[in-house]
$ cat final27.txt   # compact mmCIF, C-alpha atoms and all ligand atoms
# COMPACT_ATOMS: atom_id res chain seq x y z
CA MET A 9 127.51 133.06 68.51
CA THR A 10 127.32 129.54 67.08
CA GLU A 11 124.57 126.96 66.80
CA GLU A 12 126.27 124.99 69.57
CA ILE A 13 126.20 127.96 71.96
CA VAL A 14 122.53 128.56 71.14
CA LYS A 15 121.70 124.93 71.86
CA SER A 16 123.63 124.90 75.08
CA ALA A 17 121.90 128.12 76.24
CA LEU A 18 118.48 126.73 75.35
CA SER A 19 119.15 123.50 77.18
CA LYS A 20 118.76 125.54 80.37
CA VAL A 21 115.17 126.41 79.49
CA MET A 22 112.81 123.93 81.11
CA TYR A 23 109.48 123.05 79.57
CA PRO A 24 106.96 124.65 81.96
CA GLY A 25 105.76 122.16 84.56
CA PHE A 26 108.51 119.66 83.78
CA THR A 27 112.11 119.20 84.78
CA LYS A 28 113.28 118.51 81.24
CA ASP A 29 114.47 121.21 78.91
CA ILE A 30 113.16 122.15 75.49
CA VAL A 31 116.29 120.87 73.68
CA THR A 32 116.03 117.40 75.27
CA PHE A 33 112.36 117.26 74.35
CA GLY A 34 113.42 117.96 70.74
CA PHE A 35 111.33 121.12 70.44
CA VAL A 36 114.08 123.45 69.18
CA LYS A 37 114.33 123.76 65.38
CA ASP A 38 115.75 125.96 62.61
CA ILE A 39 118.55 127.72 64.48
CA VAL A 40 119.95 130.53 62.32
CA VAL A 41 122.90 132.66 63.43
CA ASN A 42 123.59 135.65 61.20
CA GLY A 43 126.04 138.21 62.58
CA ASN A 44 124.30 139.86 65.52
CA ASP A 45 120.98 138.16 64.77
CA THR A 46 120.01 134.82 66.24
CA SER A 47 116.69 133.19 65.45
CA PHE A 48 115.12 129.78 66.03
CA THR A 49 111.79 128.02 66.32
CA VAL A 50 110.44 126.22 69.35
CA GLU A 51 107.70 123.81 68.31
CA ILE A 52 105.62 122.90 71.34
CA THR A 53 102.65 120.60 71.79
CA SER A 54 100.77 122.77 74.25
CA SER A 55 98.15 125.20 73.05
CA ALA A 56 98.19 127.18 76.30
CA PRO A 57 99.32 130.76 75.59
CA GLU A 58 101.08 131.07 78.95
CA VAL A 59 103.32 128.13 78.07
CA ALA A 60 104.37 129.77 74.78
CA GLN A 61 105.00 133.10 76.51
CA GLN A 62 107.06 131.58 79.30
CA ILE A 63 109.25 129.70 76.82
CA LYS A 64 109.69 132.84 74.72
CA ASP A 65 110.73 134.93 77.72
CA GLU A 66 113.08 132.35 79.18
CA ALA A 67 114.67 131.47 75.84
CA THR A 68 115.34 135.14 75.07
CA GLU A 69 116.82 135.65 78.50
CA ALA A 70 119.02 132.53 78.18
CA LEU A 71 120.43 133.70 74.85
CA LYS A 72 121.04 137.25 76.02
CA SER A 73 123.00 135.84 78.96
CA ALA A 74 125.01 133.76 76.50
CA GLY A 75 125.94 136.96 74.64
CA ALA A 76 123.43 137.11 71.78
CA ALA A 77 122.51 140.63 70.66
CA ASN A 78 119.26 140.33 68.70
CA VAL A 79 117.12 137.31 69.45
CA THR A 80 114.01 136.20 67.56
CA VAL A 81 112.06 133.30 69.05
CA ASN A 82 109.26 131.79 66.96
CA VAL A 83 107.02 129.62 69.08
CA LYS A 84 104.91 127.23 67.03
CA ALA A 85 101.95 125.94 69.06
CA PRO A 86 98.85 124.00 68.04
CA GLN A 87 95.52 125.84 67.86
CA MET A 88 93.61 126.10 71.11
CA PRO A 89 90.90 123.43 70.83
CA ARG A 90 87.35 124.75 70.96
CA GLU A 91 85.07 121.71 71.14
CA SER A 92 83.26 120.96 74.36
CA SER A 93 83.75 117.91 76.61
CA SER A 94 87.07 116.27 77.20
CA HIS A 95 89.60 115.80 74.48
CA GLY A 96 93.31 115.32 74.16
CA LYS A 97 94.65 111.94 75.10
CA ASN A 98 92.38 109.48 76.89
CA ILE A 99 93.35 105.82 77.21
CA ALA A 100 90.23 105.03 79.28
CA PRO A 101 87.50 106.63 77.16
CA GLN A 102 84.63 104.81 78.88
CA VAL A 103 85.31 106.88 81.99
CA LYS A 104 83.63 110.29 81.86
CA ASN A 105 85.52 112.06 84.64
CA PHE A 106 88.73 111.52 86.54
CA LEU A 107 89.30 112.83 90.06
CA MET A 108 92.94 112.80 91.15
CA VAL A 109 93.37 112.65 94.93
CA SER A 110 96.79 113.92 96.01
CA SER A 111 98.68 114.86 99.11
CA GLY A 112 102.11 116.27 99.72
CA LYS A 113 103.05 113.33 101.94
CA GLY A 114 101.83 110.00 103.25
CA GLY A 115 99.78 109.37 106.36
CA VAL A 116 97.49 112.39 106.05
CA GLY A 117 94.43 110.32 105.17
CA LYS A 118 94.54 110.34 101.39
CA SER A 119 93.33 106.75 101.03
CA THR A 120 90.68 107.18 103.72
CA THR A 121 89.44 110.26 101.89
CA SER A 122 89.48 108.55 98.48
CA VAL A 123 87.46 105.61 99.78
CA ASN A 124 84.87 107.73 101.58
CA ILE A 125 84.49 110.26 98.77
CA ALA A 126 84.06 107.43 96.24
CA ILE A 127 81.38 105.83 98.41
CA ALA A 128 79.66 109.19 98.97
CA LEU A 129 79.56 109.86 95.22
CA ALA A 130 78.03 106.41 94.65
CA ALA A 131 75.45 107.10 97.38
CA GLN A 132 74.53 110.20 95.39
CA GLY A 133 73.69 108.06 92.37
CA LYS A 134 76.94 108.24 90.40
CA LYS A 135 78.61 105.23 88.83
CA VAL A 136 81.96 105.25 90.56
CA GLY A 137 85.31 103.50 90.21
CA LEU A 138 88.16 103.72 92.71
CA LEU A 139 91.69 103.22 91.46
CA ASP A 140 94.35 102.71 94.10
CA ALA A 141 97.32 104.09 92.18
CA ASP A 142 99.47 104.20 95.32
CA ILE A 143 101.69 101.34 94.19
CA TYR A 144 104.04 101.86 97.14
CA GLY A 145 101.36 101.52 99.80
CA PRO A 146 98.20 99.96 98.37
CA ASN A 147 95.85 100.19 101.37
CA VAL A 148 92.54 100.52 99.56
CA PRO A 149 91.70 96.77 99.43
CA ARG A 150 91.86 96.56 103.22
CA MET A 151 89.84 99.75 103.66
CA MET A 152 87.22 98.40 101.25
CA GLY A 153 87.10 95.03 103.01
CA VAL A 154 88.33 93.09 99.98
CA SER A 155 91.93 92.34 100.89
CA ASP A 156 91.36 88.60 100.36
CA VAL A 157 89.58 88.96 97.04
CA LYS A 158 91.53 88.21 93.87
CA PRO A 159 90.21 89.82 90.69
CA GLU A 160 88.76 87.79 87.82
CA VAL A 161 90.56 87.77 84.53
CA ASN A 162 88.63 88.10 81.29
CA GLY A 163 90.81 87.42 78.23
CA ASN A 164 93.75 89.75 78.61
CA LYS A 165 91.83 92.20 80.79
CA VAL A 166 91.18 92.21 84.52
CA LEU A 167 87.77 92.85 86.03
CA PRO A 168 87.59 95.41 88.81
CA ILE A 169 86.52 94.16 92.24
CA LYS A 170 83.06 95.29 93.39
CA ALA A 171 82.39 96.44 96.94
CA TYR A 172 80.06 98.96 98.60
CA GLY A 173 78.49 99.84 95.26
CA ILE A 174 81.72 100.83 93.53
CA GLU A 175 84.36 99.23 91.32
CA MET A 176 87.89 99.04 92.72
CA MET A 177 91.35 98.03 91.57
CA SER A 178 94.66 98.12 93.39
CA MET A 179 98.17 96.79 93.03
CA GLY A 180 97.45 95.15 96.40
CA SER A 181 94.79 92.98 94.74
CA LEU A 182 97.15 91.91 91.98
CA MET A 183 100.16 91.03 94.13
CA GLU A 184 100.61 88.19 96.58
CA ASP A 185 100.39 89.16 100.26
CA GLY A 186 103.41 90.92 101.63
CA GLN A 187 105.13 90.97 98.26
CA SER A 188 106.90 94.20 97.51
CA LEU A 189 108.41 95.59 94.40
CA ILE A 190 111.00 98.24 93.87
CA TRP A 191 109.53 100.63 91.37
CA ARG A 192 111.57 102.50 88.84
CA GLY A 193 110.21 105.42 86.84
CA ALA A 194 109.48 103.42 83.69
CA MET A 195 107.67 100.72 85.67
CA ILE A 196 105.51 103.27 87.44
CA MET A 197 104.44 104.70 84.11
CA LYS A 198 103.64 101.23 82.76
CA ALA A 199 101.65 100.31 85.87
CA ILE A 200 99.53 103.47 85.75
CA GLU A 201 98.82 102.97 82.05
CA GLN A 202 97.80 99.35 82.61
CA PHE A 203 95.47 100.34 85.43
CA LEU A 204 93.64 102.57 82.98
CA ARG A 205 93.84 100.48 79.82
CA ASP A 206 93.80 96.84 80.96
CA ILE A 207 91.21 96.98 83.74
CA LEU A 208 87.66 96.47 82.46
CA TRP A 209 86.15 99.57 84.07
CA SER A 210 82.46 100.05 83.28
CA GLU A 211 81.06 103.20 81.79
CA LEU A 212 81.85 105.28 84.85
CA ASP A 213 80.65 108.76 85.76
CA VAL A 214 83.84 109.21 87.71
CA LEU A 215 87.03 107.35 88.55
CA VAL A 216 88.49 108.45 91.89
CA ILE A 217 92.25 107.93 91.87
CA ASP A 218 94.25 107.56 95.10
CA MET A 219 97.71 108.70 94.02
CA PRO A 220 101.02 107.94 95.70
CA PRO A 221 102.07 110.84 97.96
CA GLY A 222 104.15 113.59 96.42
CA THR A 223 104.50 114.83 92.89
CA GLY A 224 106.35 112.32 90.75
CA ASP A 225 106.13 110.04 87.75
CA ALA A 226 102.75 108.56 88.65
CA GLN A 227 101.13 112.00 88.69
CA LEU A 228 102.71 113.02 85.41
CA THR A 229 101.85 109.72 83.72
CA LEU A 230 98.23 109.98 84.81
CA ALA A 231 97.95 113.54 83.55
CA GLN A 232 99.44 112.49 80.23
CA SER A 233 97.22 109.43 79.83
CA VAL A 234 93.75 110.76 80.57
CA PRO A 235 92.16 114.21 80.78
CA VAL A 236 92.08 114.62 84.56
CA THR A 237 88.84 116.51 85.26
CA ALA A 238 89.78 117.77 88.70
CA GLY A 239 92.28 117.41 91.52
CA LEU A 240 91.57 117.06 95.22
CA THR A 241 94.25 117.78 97.82
CA VAL A 242 94.20 116.16 101.24
CA THR A 243 96.09 117.86 104.03
CA THR A 244 96.24 117.94 107.81
CA PRO A 245 96.19 121.26 109.65
CA GLN A 246 99.79 121.29 110.92
CA GLY A 247 102.12 123.78 109.29
CA VAL A 248 104.56 121.09 108.18
CA SER A 249 101.82 119.27 106.32
CA LEU A 250 100.66 122.49 104.68
CA ASP A 251 104.13 123.07 103.21
CA ASP A 252 103.88 119.72 101.44
CA SER A 253 100.30 120.28 100.36
CA ARG A 254 101.25 123.51 98.70
CA ARG A 255 103.49 121.47 96.38
CA SER A 256 100.58 119.20 95.53
CA LEU A 257 98.38 122.19 94.65
CA ASP A 258 101.20 123.71 92.65
CA MET A 259 101.49 120.48 90.68
CA PHE A 260 97.78 120.68 89.75
CA LYS A 261 98.37 124.20 88.56
CA LYS A 262 101.40 123.27 86.49
CA LEU A 263 99.61 120.31 84.91
CA ASN A 264 96.55 122.51 84.20
CA ILE A 265 94.32 120.34 86.36
CA PRO A 266 91.35 122.28 87.80
CA ILE A 267 91.32 122.13 91.61
CA ALA A 268 88.12 120.74 93.16
CA GLY A 269 89.16 121.78 96.65
CA ILE A 270 91.08 120.84 99.75
CA ILE A 271 90.02 118.38 102.41
CA GLU A 272 91.44 119.27 105.80
CA ASN A 273 91.69 115.88 107.51
CA MET A 274 92.36 115.22 111.21
CA SER A 275 90.89 118.65 111.78
CA GLY A 276 89.78 118.59 115.39
CA PHE A 277 88.69 115.53 117.37
CA ILE A 278 85.18 114.26 118.05
CA ALA A 279 85.02 112.40 121.35
CA PRO A 280 83.09 109.17 120.80
CA ASP A 281 81.47 109.27 124.25
CA THR A 282 80.21 112.86 124.33
CA GLY A 283 80.25 113.91 120.66
CA VAL A 284 82.07 117.08 121.72
CA GLU A 285 84.52 118.44 119.12
CA TYR A 286 88.03 119.46 120.29
CA ASP A 287 90.75 121.29 118.41
CA ILE A 288 94.06 119.37 118.31
CA PHE A 289 96.37 120.32 115.45
CA GLY A 290 94.64 123.61 114.79
CA LYS A 291 91.60 123.94 112.57
CA GLY A 292 91.10 125.96 109.43
CA THR A 293 94.84 126.56 109.10
CA SER A 294 94.67 125.60 105.43
CA THR A 295 92.31 128.47 104.55
CA PRO A 296 95.05 130.94 103.47
CA MET A 297 96.56 128.24 101.24
CA ALA A 298 93.16 127.59 99.68
CA LYS A 299 92.82 131.30 98.93
CA GLU A 300 96.28 131.39 97.41
CA PHE A 301 95.26 128.69 94.93
CA ASP A 302 91.84 130.17 94.36
CA THR A 303 90.05 127.19 95.86
CA GLN A 304 88.21 126.19 99.05
CA ILE A 305 88.30 123.87 102.02
CA ILE A 306 85.40 121.62 101.06
CA ALA A 307 85.46 119.63 104.31
CA GLU A 308 87.08 119.59 107.71
CA ILE A 309 87.10 115.93 108.71
CA PRO A 310 87.70 115.44 112.43
CA ILE A 311 89.76 112.69 113.98
CA GLU A 312 87.13 110.13 114.75
CA PRO A 313 88.10 106.71 116.10
CA SER A 314 85.45 105.05 113.93
CA ILE A 315 87.15 106.41 110.80
CA ARG A 316 90.30 104.54 111.77
CA THR A 317 88.55 101.33 112.84
CA GLY A 318 86.37 101.54 109.72
CA GLY A 319 89.54 101.67 107.63
CA ASP A 320 91.25 98.82 109.43
CA GLU A 321 88.18 96.60 109.38
CA GLY A 322 87.13 97.38 105.83
CA LYS A 323 83.95 99.15 106.91
CA PRO A 324 84.09 102.70 105.56
CA ILE A 325 82.27 105.14 107.82
CA THR A 326 80.33 106.75 104.99
CA PHE A 327 78.78 103.37 104.18
CA VAL A 328 78.33 101.80 107.62
CA ASP A 329 77.49 104.91 109.65
CA PRO A 330 76.02 107.50 107.26
CA SER A 331 74.46 109.48 110.12
CA SER A 332 77.84 110.15 111.78
CA GLU A 333 79.20 113.68 111.63
CA SER A 334 82.17 112.64 109.48
CA ALA A 335 80.01 110.75 106.98
CA LYS A 336 77.84 113.84 106.59
CA ARG A 337 80.91 115.95 105.91
CA TYR A 338 82.19 113.45 103.31
CA MET A 339 78.77 113.58 101.65
CA LYS A 340 78.86 117.37 101.52
CA ALA A 341 82.38 117.33 100.11
CA ALA A 342 81.33 114.81 97.44
CA GLU A 343 78.45 117.08 96.42
CA SER A 344 80.79 120.01 96.13
CA ILE A 345 83.25 117.97 94.04
CA TRP A 346 80.49 116.83 91.72
CA ASN A 347 79.25 120.41 91.28
CA THR A 348 82.77 121.46 90.35
CA ILE A 349 83.08 118.60 87.85
CA GLU A 350 79.78 119.59 86.22
CA GLU A 351 80.84 123.20 86.08
CA ILE A 352 84.17 122.28 84.47
CA ASN A 353 82.37 120.21 81.83
CA ALA A 354 79.79 122.93 81.22
CA ASN A 355 82.64 125.33 80.53
CA GLY A 356 84.12 123.17 77.79
CA GLY A 357 85.65 120.31 79.74
CA VAL A 358 89.29 119.57 80.29
CA ASP A 359 92.04 119.07 77.82
CA ASN A 360 95.33 117.42 78.60
CA GLN A 361 97.07 118.53 75.44
CA SER A 362 98.76 121.23 77.43
CA VAL A 363 100.56 118.62 79.55
CA GLN A 364 101.70 116.60 76.58
CA PRO A 365 105.25 117.28 75.59
CA THR A 366 105.12 114.37 73.15
CA THR A 367 108.69 113.29 73.41
CA PRO A 368 110.82 112.34 70.44
CA PRO A 369 111.25 108.57 69.88
CA GLY A 370 113.53 107.00 72.47
CA VAL A 371 113.13 109.82 74.97
CA SER A 372 111.10 109.09 78.05
CA ALA A 373 108.50 111.58 79.19
CA CYS A 374 109.79 111.10 82.69
CA SER A 375 110.16 114.45 84.34
CA THR A 376 112.00 114.09 87.55
CA GLY A 377 115.38 112.72 86.53
CA GLY A 378 116.41 115.38 84.10
CA ALA A 379 118.56 112.65 82.57
CA SER A 380 119.53 113.01 78.96
CA ALA A 381 118.01 110.84 76.27
CA SER A 382 121.19 108.89 75.67
CA LYS A 383 121.66 108.20 79.36
CA GLU A 384 118.15 106.82 79.59
CA GLN A 385 118.61 104.55 76.62
CA SER A 386 121.83 103.04 77.82
CA GLY A 387 120.97 102.94 81.50
CA GLY A 388 117.62 101.23 81.19
CA GLY A 389 114.70 102.83 82.96
CA CYS A 390 114.27 106.53 82.76
CA GLY A 391 116.56 107.62 85.53
CA CYS A 392 113.85 108.90 87.77
CA SER A 393 112.45 107.35 90.84
N1 LIG B 1 89.87 111.56 110.24
C1 LIG B 1 90.47 110.48 110.74
N2 LIG B 1 90.18 110.04 111.99
C2 LIG B 1 90.79 108.93 112.49
N3 LIG B 1 91.70 108.21 111.83
C3 LIG B 1 92.03 108.60 110.59
C4 LIG B 1 91.42 109.74 109.96
N4 LIG B 1 91.95 109.87 108.70
C5 LIG B 1 92.83 108.85 108.55
N5 LIG B 1 92.88 108.10 109.68
C6 LIG B 1 93.76 106.94 109.91
O1 LIG B 1 95.09 107.37 109.72
C7 LIG B 1 95.87 106.39 109.06
C8 LIG B 1 96.46 106.97 107.77
O2 LIG B 1 95.41 107.24 106.86
P1 LIG B 1 95.54 106.86 105.31
O3 LIG B 1 94.24 107.17 104.68
O4 LIG B 1 96.07 105.48 105.16
O5 LIG B 1 96.64 107.93 104.86
P2 LIG B 1 97.45 108.08 103.48
O6 LIG B 1 96.71 107.34 102.42
O7 LIG B 1 97.52 109.55 103.26
O8 LIG B 1 98.80 107.50 103.75
C9 LIG B 1 94.92 105.22 108.84
O9 LIG B 1 95.08 104.30 109.87
C10 LIG B 1 93.55 105.85 108.89
O10 LIG B 1 92.55 104.94 109.32
MG MG B 2 97.30 105.66 101.31
$ encode --input "final27.txt" --output "structure tokens" --more "lines below"
Ligand SMILES: Nc1ncnc2c1ncn2[C@@H]1O[C@H](COP(=O)(O)OP(=O)(O)O)[C@@H](O)[C@H]1O
Ligand SMILES: [Mg+2]
Amino acid sequence: MTEEIVKSALSKVMYPGFTKDIVTFGFVKDIVVNGNDTSFTVEITSSAPEVAQQIKDEATEALKSAGAANVTVNVKAPQMPRESSSHGKNIAPQVKNFLMVSSGKGGVGKSTTSVNIAIALAAQGKKVGLLDADIYGPNVPRMMGVSDVKPEVNGNKVLPIKAYGIEMMSMGSLMEDGQSLIWRGAMIMKAIEQFLRDILWSELDVLVIDMPPGTGDAQLTLAQSVPVTAGLTVTTPQGVSLDDSRRSLDMFKKLNIPIAGIIENMSGFIAPDTGVEYDIFGKGTSTPMAKEFDTQIIAEIPIEPSIRTGGDEGKPITFVDPSSESAKRYMKAAESIWNTIEEINANGGVDNQSVQPTTPPGVSACSTGGASASKEQSGGGCGCS
């Protein structure tokens, strides 16, 4: 057994929730090889006991497979914080709560849900912001009826655009029409940070964040920049959509983000002429998945033509037709989300320290590439997309 073999074995141990290993993150210290005894320290930034235990188990296993006889792993973790309310990193401290809206894939109604939930929360008296963090497909300006509005600049900050009683910002409002950018990992991280730091959000009760589909750099950057209070998953009832949604829920779990629930969208069809509700893709098919993740379906939103026209014409159904069945369901879902947020805060709030593998200088926090530090430095960008 040599120090090199130890390092190479430990470079197969991933930091829980990330696709980078503990050696690349620079967490492995004090390797001592003495005859049959091998010991080392793993200094982590998470205070979550399960993270420490998982690293201990996997590191021991990795070394035993590499031929070590007696292995001692010392995991050094910070104390579990005890104060109430949110702590850890927060680059937008004037925002009290962050709601991350995710889906496994595009086209399931994530933006429609974000817009209507944000408007419903505002109708219930909350001060609400809506951040369109879907930099690949920024549809929120159109859905909010402000696609022609350019934001005002104040010094080196940008003012959010106001519509339907909420504050909104989107890459679509900052770019010229039809312009498109090819985003690399490092640019995504920068964009998300700027949305939080350089937009003059008011003192908000909650910022609803429409994420890009999937589980990539944007999600990780958000979780590392602000204490995300709760996550909301949007799915459609078909089995293929559920497979993807499971990944989105699993991401919340791995990033220690409490789950506020699942919205089953396009669940049944309400005929505009008769008001009769028909089943199309199956209804309630996401219930077993909700159980699996210890959460609930907080709304089944039917396919309703006025939801689609409302989106296209910038007239969200919850605002323009609050007595419609779908608007009522969005309102109920918003109430449920707010109750969950209050409960989370009453129980000590959220803490994003556990998703903070503060990387050594020069190493990107990017998770998906698994590229080595040196590769990232020479290649430019972080190797993940
Ligand atoms: N419940 C619904 N009933 C009718 N149309 C819907 C419904 N939900 C979403 N849509 C429409 O489906 C399309 C995709 O929705 P969108 O919110 O843009 O999805 P995503 O953000 O997940 O890509 C949009 O045209 C939207 O208006
Ligand atoms: Mg969208």
$ closest_residue --input "final27.txt" --among "A:Thr10, A:Ser54, A:Gln361, A:Ser249" --to "ligand LIG 1 (chain B)" --atoms "only C-alpha atoms and all ligand atoms"
A:Ser249
$ closest_residue --input "final27.txt" --among "A:Trp346, A:Tyr23, A:Tyr172, A:Tyr144" --to "ligand LIG 1 (chain B)" --atoms "all atoms listed in the file"
A:Tyr144
$ atom_distance --input "final27.txt" --atom1 "atom CA of Val166 of chain A" --atom2 "atom CA of Trp209 of chain A"
8.9 Å
$ closest_residue --input "final27.txt" --among "A:Thr282, A:Thr241, A:Ser16, A:Gln61" --to "Ile306 of chain A" --atoms "all atoms listed in the file"
A:Thr241
$ residues_near_ligand --input "final27.txt" --ligand "ligand MG 2 (chain B)" --cutoff "10 Å" --atoms "all atoms listed in the file" --output "list in words"
Ser110, Ser111, Lys113, Gly114, Gly115, Val116, Gly117, Lys118, Ser119, Thr120, Thr121, Ser122, Val123, Asp140, Ala141, Asp142, Ile143, Tyr144, Gly145, Pro146, Asn147, Val148, Met151, Asp218, Met219, Pro220 and Pro221 of chain A
$ residues_around --input "final27.txt" --residues "Ser275 of chain A" --least-positions-apart "3" --cutoff "6 Å" --atoms "all atoms listed in the file" --output "number ranges by chain"
A: 291, 308-310
$ closest_residue --input "final27.txt" --among "A:Gly239, A:Gly269, A:Gly137, A:Gly112" --to "ligand LIG 1 (chain B)" --atoms "only C-alpha atoms and all ligand atoms"
A:Gly112
$ closest_residue --input "final27.txt" --among "A:Leu167, A:Ile345, A:Ala307, A:Ala17" --to "ligand LIG 1 (chain B)" --atoms "only C-alpha atoms and all ligand atoms"
A:Ala307
$ atom_distance --input "final27.txt" --atom1 "atom CA of Leu139 of chain A" --atom2 "atom CA of Met176 of chain A"
5.8 Å
$ atom_distance --input "final27.txt" --atom1 "atom CA of Lys20 of chain A" --atom2 "atom CA of Ile52 of chain A"
16.2 Å
$ residues_around --input "final27.txt" --residues "Val40 of chain A" --least-positions-apart "6" --cutoff "10 Å" --atoms "all atoms listed in the file" --output "list in words"
Thr10, Glu11, Val14, Thr46, Ser47, Phe48, Thr49 and Thr80 of chain A
$ write_last_selection --input "final27.txt" --atoms "C-alpha atoms" --output "mmCIF file, in the coordinates of the input"
data_model
loop_
_atom_site.group_PDB
_atom_site.id
_atom_site.type_symbol
_atom_site.label_atom_id
_atom_site.label_comp_id
_atom_site.auth_asym_id
_atom_site.auth_seq_id
_atom_site.Cartn_x
_atom_site.Cartn_y
_atom_site.Cartn_z
ATOM 1 C CA THR A 10 127.320 129.540 67.080
ATOM 2 C CA GLU A 11 124.570 126.960 66.800
ATOM 3 C CA VAL A 14 122.530 128.560 71.140
ATOM 4 C CA THR A 46 120.010 134.820 66.240
ATOM 5 C CA SER A 47 116.690 133.190 65.450
ATOM 6 C CA PHE A 48 115.120 129.780 66.030
ATOM 7 C CA THR A 49 111.790 128.020 66.320
ATOM 8 C CA THR A 80 114.010 136.200 67.560
#
$ axis_aligned_box --input "final27.txt" --around "ligand LIG 1 (chain B)" --padding-each-side "4 Å" --output "AutoDock Vina command-line options"
--center_x 94.3 --center_y 107.9 --center_z 107.5 --size_x 16.9 --size_y 15.3 --size_z 18.1
$ residues_around --input "final27.txt" --residues "segment 69-78 of chain A" --least-positions-apart "2" --cutoff "6 Å" --atoms "all atoms listed in the file" --output "PyMOL selection string"
chain A and resi 17+44-45+66-67
$ residues_around --input "final27.txt" --residues "Glu321 of chain A" --least-positions-apart "4" --cutoff "8 Å" --atoms "all atoms listed in the file" --output "ChimeraX atom specification"
/A:150-151,153,317
$ closest_residue --input "final27.txt" --among "A:Val328, A:Ile352, A:Val83, A:Ile311" --to "ligand LIG 1 (chain B)" --atoms "all atoms listed in the file"
A:Ile311
